[in-house]
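**Q** I am attaching a structure below and will ask some questions about it afterwards.
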Amino acid sequence: MSTPFSEMLDSLTRQRGVRASLIVSESDGLVVDSNLRFGQDGERVAALAASMYRKARLSARAARLGAVAFLQLDAERGRICAVGGRSDLVIVVVADAAANVGLIRMELLKALETLE
Amino acid sequence: MADDVRRWSDELARDPSSLVFLQLGEALRRQGQLEVALKIALRGLDRHQMNADAHDLVARIAVDRRDFARAMEEWETVLRIKPAHLGAMKGLGYVCFQQGRFEDAERFLSKAAAGGAGSDVSNALATVRRSSGGMLAPTLPSEAQAEDPQYLFADLLVDAGQTALLLDASGYVMAGVYLDAEGTNVAQDVGAQLSGISDEVLRSARHLDIGDWKAITFETQAAVVAMAPGRDNSLMVVAASRATPLGLLRRLLERCADRAAVWLGVERNGGDRQ
C-alpha cells in the first residue's frame, strides 16, 4: 500500500546501513508510517525516538537554545537518528553503527523539507 | 504556553499600544520563533521608545540571533534609560565576553553582582576570569572553587559558549552548571527535563538489539548538546555553541565524563579528594 510518505521512507531506507525509517508522532510515540527491514520493532523504535526527541526539545527550551533540529543516539551496535520540524511529526532512521551519519543527516533534513 | 501566546496576541490585536508585547515577544523568543518575536518587539518599541524593558527584549532576541552589535546597542540604551537595570548589565557582560573584551565583561558583571544579581552572575564572572587566562582577579578563592561541585568541569571548558552538567538518575544536579545565553544557571530545569532518559534509552536500546548506548547528540538553533551515561546511572551533559564541530563536542563530553567518573568515585569513598 502506498502512502504519502512511502517515497520518502523508501529513499531513506535505501541508504547504506539503514535498517528502518519511520514517521513518528512526537506527542504519543505512535508510528504514522514506516519502512522496516525484517526483525525491526517499529513500535519500540517509535516510542523511544519520540521520547528522546521530546526530552531534547524540552531541555533545549529550558536552556533557551531554540528548536531542536537533528538528534542522534549512538549505541554499541547501531544508531538512531531523528529530525523534527514545526509539526508533531518526527522522521526517524535506525542504522548500523558503521553507517555514514553525515549522509543520513543530510537525507533526513531533505526529507523534513518534503514533510513540511 | 500556547494559550498564553494566543491570549496575548489577541490582546495586542485589540490594543496595539498594550505592553503585553513584552510577554508575547519573550514567549516567542523562548519558543525559538525569533523572527516573529523580533517583529513583535520592534513594533512595541516603536510605540514605547523610552521603555527599558522593550529595548531589553529586542537585545535578548538579538543575542539569540547572534546579532551582538544590535544587542549591545539596545542594552546600552536600556542603561541610559534605567542605569540600574541588572538584565542589561548581565547582557552587556555576555556580549563583551563573546567579543573577547574580558575586562569590559568583568566590569558589567561586577556591577550586576554589586546591584544584587544572583549566583548566575557569580558563575558568569568566574567563566570570564577563567577565560581571560588569569589576568583578572578571581572572585572566589581557588580552594573554595575546588570544593564547589559547580566548578568541577570549569577548567575543561574552553569558551563561554561551553557548559557542562552532571545529573543523577533522577535528574538532580550533582555537579557543574548549565548556563544559558544570558549567563543564567538553568541546570535544574534542564535536569528535570532530561530525568529518566538514561534508563529509558538503556532499556530500549537493549530491546532493539543495538547494545548499550554511548551518547545522544542533538543540534538546536543556538547550540549543540551531547550527553552520555555515567557511573551510578548518572548523566553527563555538555553543550557548546552551534559552530562547534561535533567531533570536538564529543571530545569535551569524554573529558567531562572521565572527570565525573573520578569525582563520583571519590565522593562515594567519603569525599576525600586528596
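Order determines the names: the first chain of the C-alpha cells is A, the second B, and so forth; residues in each chain are numbered 1 upward, and ligands are numbered 1 upward as they are shown.
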Could you list, as a count of residues only, every residue within 12 Å of Met236 of chain B, counting only C-alpha atoms and ignoring same-chain residues fewer than 6 positions away?
**A** 45
**Q** Taking only C-alpha atoms into account, find every residue of chain B that has an atom no more than 7 Å from chain A, and write it out as a list in words.
**A**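 Taking only C-alpha atoms into account, Arg30, Gln31, Gly32, Asp180, Val186, Asp189, Val190, Gln193, Leu194, Val201, Ser204, Leu208, Ile210, Gly211, Asp212, Trp213, Lys214, Ala215, Ile216, Thr217, Phe218, Glu219, Thr220, Gln221, Ala222 and Ala223 of chain B sit within 7 Å of chain A.
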**Q** Applying 10 Å and only C-alpha atoms, which residues near Met8 of chain A remain after dropping the ones on its own chain fewer than 5 positions away? List them as a PDB file with C-alpha atoms, in the first residue's frame.
**A**
ATOM      1  CA  THR A   3       1.071   6.311   1.412  1.00  0.00           C
ATOM      2  CA  THR A  13      15.870   3.048   3.763  1.00  0.00           C
ATOM      3  CA  SER A  21      12.855   4.509   8.577  1.00  0.00           C
ATOM      4  CA  LEU A  22       9.705   5.769  10.237  1.00  0.00           C
ATOM      5  CA  ILE A  23       7.453   8.764  10.614  1.00  0.00           C
ATOM      6  CA  ASN A  35       9.602   1.123   6.140  1.00  0.00           C
ATOM      7  CA  ILE A  91      11.341  11.341  10.910  1.00  0.00           C
ATOM      8  CA  GLU A 107      18.911  12.906   3.746  1.00  0.00           C
ATOM      9  CA  LEU A 108      16.816  13.352   6.879  1.00  0.00           C
ATOM     10  CA  LYS A 110      16.000  16.905   2.972  1.00  0.00           C
ATOM     11  CA  ALA A 111      13.112  14.599   3.881  1.00  0.00           C
ATOM     12  CA  LEU A 112      11.978  17.056   6.534  1.00  0.00           C
ATOM     13  CA  THR A 114       9.374  17.484   1.902  1.00  0.00           C
ATOM     14  CA  LEU A 115       7.337  16.757   5.020  1.00  0.00           C
TER      15      LEU A 115
END
**Q** Go ahead and compute the interatomic distance for atom CA of Lys82 of chain B and atom CA of Ala52 of chain B, in Å to one decimal.
**A**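 Going from atom CA of Lys82 of chain B over to atom CA of Ala52 of chain B covers 6.5 Å.
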**Q** Apply DSSP to the structure's backbone, then extract all residues of segment 27-264 of chain B labelled helix (DSSP H, G or I) and return them as a PyMOL selection string.
**A** chain B and resi 27-30+34-47+52-64+68-81+86-98+102-114+119-131+142-147+149-151+154-156+187-194+197-207+231-233+246-264
**Q** Kindly give the distance, in Å, that separates atom CA of Pro16 of chain B and atom CA of Gln33 of chain B, rounded to a single decimal.
**A**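 Answer for the atom CA of Pro16 of chain B to atom CA of Gln33 of chain B separation: 20.2 Å.
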